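A short worksheet on the structure shown next.
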Protein chains: 4
Amino acid sequence: MALWDGRFRGGPADEMLRFGESLGTDLHLWREDIAGSKAHSTMLSQVGLLTTDELNEIHRGLDLVATELAAAEAGQPGGWTPGIELEDIHMAVETRLRDHIGELAGKLHTARSRNDQVATDVRLWLRARLDLLDSELAALIGVLLDRAQVDGRVLVPGCTHLQRGQPIWLGHQILAHAWALSRDRERLSDARRRLNRCPLGAAAMAGTPHPIDRLHSAGLLGFAGVVENAMDAVSARDHLVESVAACAISMGHLSRMAEELVIWSTPEFHRVRLSDSWSTGSSIMPQKRNPDAAELVRGKAGRVFGDLQTLLVLTKALPLAYNRDLQEDRPPLFDAISTTRSCVRVMAGCWADLQILPGPDLDGDFLLATELADYLATRGVPFRQAHQVAGGLVRRCEERGQNLASLTLSELTAAHPAFGADALAWLDPAAAAERRVSRGGTAWSEVIRQVSLLRETLLGE
Amino acid sequence: MALWDGRFRGGPADEMLRFGESLGTDLHLWREDIAGSKAHSTMLSQVGLLTTDELNEIHRGLDLVATELAAAEAGQPGGWTPGIELEDIHMAVETRLRDHIGELAGKLHTARSRNDQVATDVRLWLRARLDLLDSELAALIGVLLDRAQVDGRVLVPGCTHLQRGQPIWLGHQILAHAWALSRDRERLSDARRRLNRCPLGAAAMAGTPHPIDRLHSAGLLGFAGVVENAMDAVSARDHLVESVAACAISMGHLSRMAEELVIWSTPEFHRVRLSDSWSTGSSIMPQKRNPDAAELVRGKAGRVFGDLQTLLVLTKALPLAYNRDLQEDRPPLFDAISTTRSCVRVMAGCWADLQILPGPDLDGDFLLATELADYLATRGVPFRQAHQVAGGLVRRCEERGQNLASLTLSELTAAHPAFGADALAWLDPAAAAERRVSRGGTAWSEVIRQVSLLRETLLGE
Amino acid sequence: MALWDGRFRGGPADEMLRFGESLGTDLHLWREDIAGSKAHSTMLSQVGLLTTDELNEIHRGLDLVATELAAAEAGQPGGWTPGIELEDIHMAVETRLRDHIGELAGKLHTARSRNDQVATDVRLWLRARLDLLDSELAALIGVLLDRAQVDGRVLVPGCTHLQRGQPIWLGHQILAHAWALSRDRERLSDARRRLNRCPLGAAAMAGTPHPIDRLHSAGLLGFAGVVENAMDAVSARDHLVESVAACAISMGHLSRMAEELVIWSTPEFHRVRLSDSWSTGSSIMPQKRNPDAAELVRGKAGRVFGDLQTLLVLTKALPLAYNRDLQEDRPPLFDAISTTRSCVRVMAGCWADLQILPGPDLDGDFLLATELADYLATRGVPFRQAHQVAGGLVRRCEERGQNLASLTLSELTAAHPAFGADALAWLDPAAAAERRVSRGGTAWSEVIRQVSLLRETLLGE
Amino acid sequence: MALWDGRFRGGPADEMLRFGESLGTDLHLWREDIAGSKAHSTMLSQVGLLTTDELNEIHRGLDLVATELAAAEAGQPGGWTPGIELEDIHMAVETRLRDHIGELAGKLHTARSRNDQVATDVRLWLRARLDLLDSELAALIGVLLDRAQVDGRVLVPGCTHLQRGQPIWLGHQILAHAWALSRDRERLSDARRRLNRCPLGAAAMAGTPHPIDRLHSAGLLGFAGVVENAMDAVSARDHLVESVAACAISMGHLSRMAEELVIWSTPEFHRVRLSDSWSTGSSIMPQKRNPDAAELVRGKAGRVFGDLQTLLVLTKALPLAYNRDLQEDRPPLFDAISTTRSCVRVMAGCWADLQILPGPDLDGDFLLATELADYLATRGVPFRQAHQVAGGLVRRCEERGQNLASLTLSELTAAHPAFGADALAWLDPAAAAERRVSRGGTAWSEVIRQVSLLRETLLGE
């Protein structure tokens, strides 16, 4: 019998029971639910709504329930797994508590409802996962910094439109990803700060006539404060959307890194070789070293984008306060968080283990044409004009089927008188990269400077 | 050891193994996988690539595996549950088959790859579920037709903007939903027809040198034909997106029905009373009869919309042919189908069991103002002018704090000379509904006509 | 003064006027709106609600309005552009008609409302655009068939995971796209059939007391029938979602083609050379030939996916019948249709003009390893065992830094006794492709067969 | 002739020109583009790459262009509107500058590319709009605080599941929305802080060999710093996604407020009366006062959700650095920002002008049943048991067709001995609300306390 059916005579249909239960999902929240109940009861005792003996007995019972749930989770003997007729984790814990300590269990629900209880559980759960995700992102950034610093001095074509653009050190590109991931951490930190307020004590939506101390229970649970309005406390889900949006943005970043690994590990690009640990073979093509990890990360981006949409749609046009729709917030939340976390870890593993191959031969490559334009610009030729001159030289080379290395000084000076004897030296790819010493440029000194800056963000928090 | 790692020496990382496995999801496909293997091997024997003895032995082994998987699924003794190191259901079945019949199992993979195998499994799975969903939709439509015909002669305000518009029979509104659901069935039928082509024998993407007969295996599996291009066969996922889009559209329809039930079961609207079987109570407010079923249906719409987005994003910009990203197609597919199916069943249950309450008193309600405009229009007054006259009469009533029943004939004729002695009778709500005999109008005869039309679609297919 | 404000005394706020107006979008519908009004008035006259003179005068007035709107659209003199105070295209046309023919204009609105009117306009608009999109898709398919047949006999590596898998003729891959686009056409056709029913005469939601003949006006507008329920007629938007879903699926297909063009036009892959007409340069890197058209197509996929979600969210949980939210259906609809159409045309242009380059050297490439496995399988070796043998040979070659061409017959027979003297010949890439004569395989005969099949679908409809 | 086509001989196809142009969208960026060019050229002069005369001439030219563009925007004489052959706003401004000052214009593009230029323009544009949106949200919150404080002491049923739950002051519910909007402002502020870094000087992706001072130009444009990595500077779009996600979350909040207005303005709920300024009538039902503004806000939520998905999909799996896909970032960005801004303003208008009606009669309403349970709980009865007792009393009243006011003291004490003489007084609705003095409860003192807290957030920033 459900705890709420004092008035109902017909029970729910079996189909409804299966349809409405959330235990399958919420069971993940048992630690938070018990922690919340302990804090709530401690507060109730503090303000005189429970005696010390009652409190001790309730805590003893909750510890028993926790032990049983932990055992069940681990597949060990002595475990207890609630049946779906108990509907949700809150009912399950309270029901089991009653098995252990009798009617006293009923006092635990004084001055709270399932509405504020689940809101508290989810905030506790999410806060802990955001912390884990933050650490995992920091670890991934650490891997990228190591690779950039130790192995990043490989000259590769920086691409726009996937076409060769300018010679860069690979480390420069690796750091671009590291910076993006750093912002992801900032977003998670902002989301965490915003959600770290306790809804407990809001009760159904209107507060309670009991003389509770919400700041006390909030403090016990490590919250920085309380949600100041009881109706907001049970209705708000924006903190979930914000967290999942942060995950979605991060998955976007990971998908870009993953795409690069897929492309770079083709025999055509041949920029990296993935380790056996993070690639797989084929059932019919034995020579394949498939970038499965990267592909799955790329594919899972869609999953988290979908989770975000699910959450947004869920709360669209819901009048206050609690509506049962909101029960559906946890599947997309749990999926988004755990998907993002595993993708971050996998990407760290891939990057830690992959082999960076020597860059392609860029001597004479047309990607150096910009150097010619920049050479002229440094001699005072308006950039647009310089650009036209360089374009003409490229066309001449193309027409005779040769590359830029075929250009002679006399051809250069014929194309524009500002070309001097040092112009040909500008066509050295490594020199071209090293010339770009402007702040944030690809010159190696800038790579090293950024590594230091980013390491500070890893240590500083 | 994975079946593909003849060349690999380092194994996959543990994290990668967990990340890449799809068994948790694909285990649902075991029946289809075994059916596909049986058809494939029968065809191989037909064209001489297996002897009859080999075929029999393979089928015997597959039956054993099926028995074990069925037992595991049912939690019965003798079951076998594959570990995640077997990666996917195809590898699991083949590995287990080898346990039973030895090396002969390896002949089963002749002229196929996992790419065409999984594509076949998913099509078989989806085809069967679309059929079930279609039946469930038909059942829901049947419930709605029954309620419309038997209980639908209740006069309610037809709303636009949730404001009272015109008096209608409730049956008229119920049928609007039934028609929408009928189109959902058409869409499912179109999707089914399009996906009912067999990819088996496409192998990795290029076909096979073995002299197979794809039409034969396709026929054994009940397909209407084959996917004509091997690369398309393993790369295409549009049939999944189409099916999930059809589900999303249907969930949109269900969410509209659900919203109406939520609103209609408020004490303010008081149009329906949900049965105990499909509503729940509250842990702190004992009088509540919450429309949880309807709310959950409404909320789950977001879930299916998200699944659709996940699938679309998944295949965005994937070069042909198979990419590992595609493994991620099943979680959103399975979720969308099973969510939609359960929502359809729940909505049928809700509608079958709810009590339709008497409609509100509409005598004198301003929703009858349109009748005055229509009266004048039938007397040749241009509709826009008639509309202005009616609007003025409404304003007059509002100003004196009374309703339309307070209008006298002399007031009417003062407002416009075309009003005759029969004008006041037009303000009877039931008569107003019954006047709307235009095709598709709310008149009861039209309700009954539509019920018959819709019943034909239920029987005719 | 708005046509509906007989009762209102305060006008809408200026902000509200701008917020609520849809003219900016709906102006695109003026042709359909006038066509609908002509059909409606013809029917009104047919059933005696207008005299022939009134009908002629109304049609004359509508023609005048049409002439003025056409002139304004073309930026020619004599044009008339409605101001936003007229709110929507229906009010604009009717108001302008009144300027031309006086109060008689007010009779046009007999037995209809804006709800059924806009529903009719949008269906007319969409039906015509789906037809155009279908033709454009057929043209794109035609281009692909031409390229496959004429230029497709280039040997390229068929990829899975973007890794080299098996040698295929490029035509085989081109046709995979053609088949996908063929299904897109089928989906559009199904959507068109379903939406081709006329809502006109549904009036606000309940039908009308006037003796109208809905089948007559439906026939005049080329509809195959009427929407049978008046409430459904004004509330349903599933036909829009279905059409946009079909566009989204097609954009998914185009994005896959686009991604391939981006990758294939890199210097590393060097498979195609885009024409100047469909690529652009760079402001700073003069040598670039950027695949902008393909990139934009790829990017615009997201736009149509977003439009689809917008539409789905829009109708989520809307009670029947018309709600003002529904006005927001046109921006995503119009955007999705026009975006998809232009992407199809652009992709046809790209493919028509690009140069297919000679394929890479595949002799000795590890992608031929599958041939060794298949060779053994044709000699009766269980495929899994054959696969292990081939994998071992690949590893041996890799270890000595050589490719498959380095294998000798004695090495083969040492690896497995079933290897015969003809085994080495299996390692010829073109022969490997040509061996795959199974239905849908890459053999050239299959390419040609499919071209014929697909040409029939282009002609047959 | 485009500025980049020094090498190209065939021009782009007409279709491609229309397809690729972004001027229609980017024209909105002209102020930012000119501001960016002024800052860039000032910096170039500062580091010696332009003479003071050159700088003055460039600024004079840019001012001329700005004057012309402003005139065109305002539809005034002397305006200049670029044709689409100029492709984008950057090319347009530079081309027009050359018309005014000749070849010197070409020096402006030294040490920058369109990639960093557009990134700078968009950040400037967005930063300014986030500030406007923040002010508009603050204004809306201000309206809500005024209504809560001045008119919020109306007793209404607080709802869960849209069912009556507990009596609350309407102000309590209004404040729940105000708190949610306050968090929206926090999110915008975080997004603003994160995006307020200058990409200018990143050039194409690798920095520049010219001795530029990026901090100087950043400072001139009011940025708090620079984007530290040039490749990140031109590739990153997470700041756009974050801003649009913040808008989407806010639209979710507005849609909930809108839904409540729609429901509350029905005759059945009769809680608010919208003013004429923010509602509209009907073309066929003259009595309607439709909550169009609220409905449109609700509907536009889907639009912004769609914009967010468009942006996420756009950047999925894009390799670094710039790809042309990214041009598609502005339509969803511009739409999301301007849609959200107008919805905030409209909602402020609605709430400022609406009339709050007296609440319904709650005496004896079953929503007071919780009071009975709470009464018992304050007397030490375990809450679960108290809940069962209250549920039984509700059932008894329901069975005899009466409400809670029909309960006598003897019935109460028969149901549970802990009921005392003061129990019946607990059934007064206003007293019930006032008893909930727990922090965040509905008691009026808590409403007032929160108004003060929220006013501080409005003033404090």
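In the structure tokens, each chain is lettered A, B, ... as it comes, each chain's residues begin at 1, and ligands are numbered from 1 in order of appearance.
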
8 Å contacts from chain A to chain C using only C-alpha atoms, as a ChimeraX atom specification
/A:161-166,262-263,266-269,283-292,295,313,366-367,369-370,373,387-388,390-391,394

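The environment of A:Leu29 within 7 Å, counting only C-alpha atoms and disregarding residues fewer than 3 places along the same chain, consists of Asp26, Glu32, Asp33, Asp121 and Trp125 of chain A.
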
Write the residues you've just listed into a file as a compact mmCIF listing (two decimals), in the first residue's frame, and include C-alpha atoms for each of them.
```txt
# COMPACT_ATOMS: atom_id res chain seq x y z
CA ASP A 26 16.10 7.06 -8.40
CA GLU A 32 21.72 11.37 -0.96
CA ASP A 33 18.27 10.45 0.28
CA ASP A 121 18.55 14.67 -3.20
CA TRP A 125 23.81 14.15 -6.28
```

Where in stretch 156-291 of chain B does DSSP assign strand (DSSP E), given as a count of residues only?
14

Report, in Å to a single decimal, how far apart atom CA of A:Leu200 and atom CA of D:Glu242 are.
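We find that atom CA of D:Glu242 and atom CA of A:Leu200 lie 29.3 Å from each other.
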
Length of the atom CA of C:Gly106 to atom CA of B:Gln385 vector [Å]
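Atom CA of C:Gly106 sits 6.8 Å away from atom CA of B:Gln385.
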
Go through stretch 67-206 of chain C and collect every residue that DSSP, computed from the backbone, puts in alpha helix (DSSP H); the answer should be as a ChimeraX atom specification.
/C:67-73,89-101,114-151,170-195

Please, what distance in Å, to one decimal, runs between atom CA of D:Leu181 and atom CA of D:Ala432?
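Computing it gives 28.0 Å between the two atoms.
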
Identify, on the basis of only C-alpha atoms, every residue whose closest approach to C:Val297 does not exceed 8 Å; exclude the query and any residue fewer than 3 positions from it along the same chain; express the result as number ranges by chain.
C: 251, 254-255, 258, 293-294, 300-301, 343, 347; D: 325

Name the residues in contact with stretch 446-448 of chain A at a cut-off of 12 Å, using only C-alpha atoms, excluding same-chain residues fewer than 2 positions from it; report them as an MDAnalysis selection string.
(chainID A and resid 145:153 168:176 178:179 433:444 450:455) or (chainID D and resid 206:207 228:231)

Env of C:Ile89: 6 Å cut, atoms = only C-alpha atoms, seq-sep filter 3 positions within chain, self excluded. Answer as a list in words.
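These residues fall inside the cut-off: Leu23, Asp26, Leu27 and Ala92 of chain C.
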
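Within 9 Å of B:Glu328, once only C-alpha atoms are used and residues closer than 3 positions along the same chain are dropped, the contacting residues are Leu296, Gly299, Lys300, Gly302 and Arg303 of chain A; Ser22, Thr310, Leu311, Leu314, Arg324, Asp325, Pro331 and Pro332 of chain B.
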
Please, could you write that set of residues out with all heavy atoms as a compact mmCIF listing (two decimals), in the first residue's frame?
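See selection_8.txt below for the written result:
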```
# COMPACT_ATOMS: atom_id res chain seq x y z
N LEU A 296 32.86 7.16 -30.82
CA LEU A 296 31.79 7.08 -29.82
C LEU A 296 31.63 8.40 -29.08
O LEU A 296 30.51 8.82 -28.79
CB LEU A 296 32.10 5.94 -28.83
CG LEU A 296 31.84 4.55 -29.40
CD1 LEU A 296 32.47 3.48 -28.51
CD2 LEU A 296 30.33 4.29 -29.53
N GLY A 299 29.74 10.55 -31.37
CA GLY A 299 28.33 10.15 -31.43
C GLY A 299 27.57 10.50 -30.17
O GLY A 299 26.39 10.87 -30.21
N LYS A 300 28.25 10.39 -29.03
CA LYS A 300 27.56 10.63 -27.76
C LYS A 300 27.25 12.12 -27.55
O LYS A 300 26.46 12.48 -26.67
CB LYS A 300 28.38 10.07 -26.60
CG LYS A 300 28.27 8.54 -26.50
CD LYS A 300 29.20 7.97 -25.43
CE LYS A 300 29.32 6.46 -25.52
NZ LYS A 300 28.16 5.71 -25.02
N GLY A 302 25.53 13.80 -29.52
CA GLY A 302 24.12 13.87 -29.86
C GLY A 302 23.24 13.47 -28.70
O GLY A 302 22.16 14.03 -28.48
N ARG A 303 23.72 12.51 -27.96
CA ARG A 303 22.97 12.04 -26.80
C ARG A 303 22.78 13.15 -25.77
O ARG A 303 21.69 13.35 -25.23
CB ARG A 303 23.78 10.89 -26.22
CG ARG A 303 23.13 10.12 -25.16
CD ARG A 303 23.85 8.79 -25.08
NE ARG A 303 23.40 8.02 -23.96
CZ ARG A 303 23.61 6.72 -23.83
NH1 ARG A 303 24.29 6.09 -24.77
NH2 ARG A 303 23.16 6.07 -22.80
N SER B 22 28.15 -2.50 -26.19
CA SER B 22 26.76 -2.14 -26.44
C SER B 22 25.84 -3.27 -25.98
O SER B 22 24.66 -3.27 -26.26
CB SER B 22 26.54 -1.88 -27.93
OG SER B 22 26.80 -3.04 -28.67
N THR B 310 18.72 13.43 -30.74
CA THR B 310 19.92 12.60 -30.58
C THR B 310 20.22 11.84 -31.87
O THR B 310 21.36 11.82 -32.35
CB THR B 310 19.72 11.62 -29.42
OG1 THR B 310 19.61 12.37 -28.21
CG2 THR B 310 20.88 10.66 -29.31
N LEU B 311 19.20 11.24 -32.45
CA LEU B 311 19.41 10.46 -33.67
C LEU B 311 19.82 11.35 -34.84
O LEU B 311 20.70 10.98 -35.63
CB LEU B 311 18.12 9.71 -34.03
CG LEU B 311 17.97 8.33 -33.40
CD1 LEU B 311 16.60 7.77 -33.74
CD2 LEU B 311 19.05 7.39 -33.88
N LEU B 314 23.34 12.44 -34.34
CA LEU B 314 24.25 11.29 -34.47
C LEU B 314 24.74 11.11 -35.90
O LEU B 314 25.92 10.84 -36.15
CB LEU B 314 23.48 10.05 -34.03
CG LEU B 314 24.22 8.73 -34.02
CD1 LEU B 314 25.34 8.79 -33.00
CD2 LEU B 314 23.27 7.60 -33.68
N ARG B 324 31.57 4.04 -35.94
CA ARG B 324 31.18 3.49 -34.64
C ARG B 324 30.14 4.36 -33.95
O ARG B 324 29.38 3.88 -33.10
CB ARG B 324 32.43 3.34 -33.75
CG ARG B 324 32.16 2.62 -32.43
CD ARG B 324 31.90 1.13 -32.65
NE ARG B 324 31.66 0.42 -31.41
CZ ARG B 324 32.60 -0.15 -30.66
NH1 ARG B 324 33.85 -0.12 -31.05
NH2 ARG B 324 32.28 -0.78 -29.55
N ASP B 325 30.08 5.62 -34.32
CA ASP B 325 29.03 6.49 -33.78
C ASP B 325 27.67 5.81 -33.87
O ASP B 325 26.80 6.00 -33.02
CB ASP B 325 28.91 7.81 -34.55
CG ASP B 325 30.22 8.45 -34.94
OD1 ASP B 325 31.08 7.74 -35.49
OD2 ASP B 325 30.35 9.67 -34.78
N PRO B 331 20.11 3.24 -28.20
CA PRO B 331 19.47 3.80 -27.00
C PRO B 331 18.33 4.77 -27.29
O PRO B 331 17.23 4.60 -26.75
CB PRO B 331 20.64 4.44 -26.25
CG PRO B 331 21.84 3.64 -26.67
CD PRO B 331 21.59 3.30 -28.11
N PRO B 332 18.51 5.78 -28.15
CA PRO B 332 17.36 6.66 -28.41
C PRO B 332 16.22 5.94 -29.13
O PRO B 332 15.05 6.24 -28.88
CB PRO B 332 17.95 7.79 -29.27
CG PRO B 332 19.21 7.24 -29.84
CD PRO B 332 19.73 6.27 -28.84
```
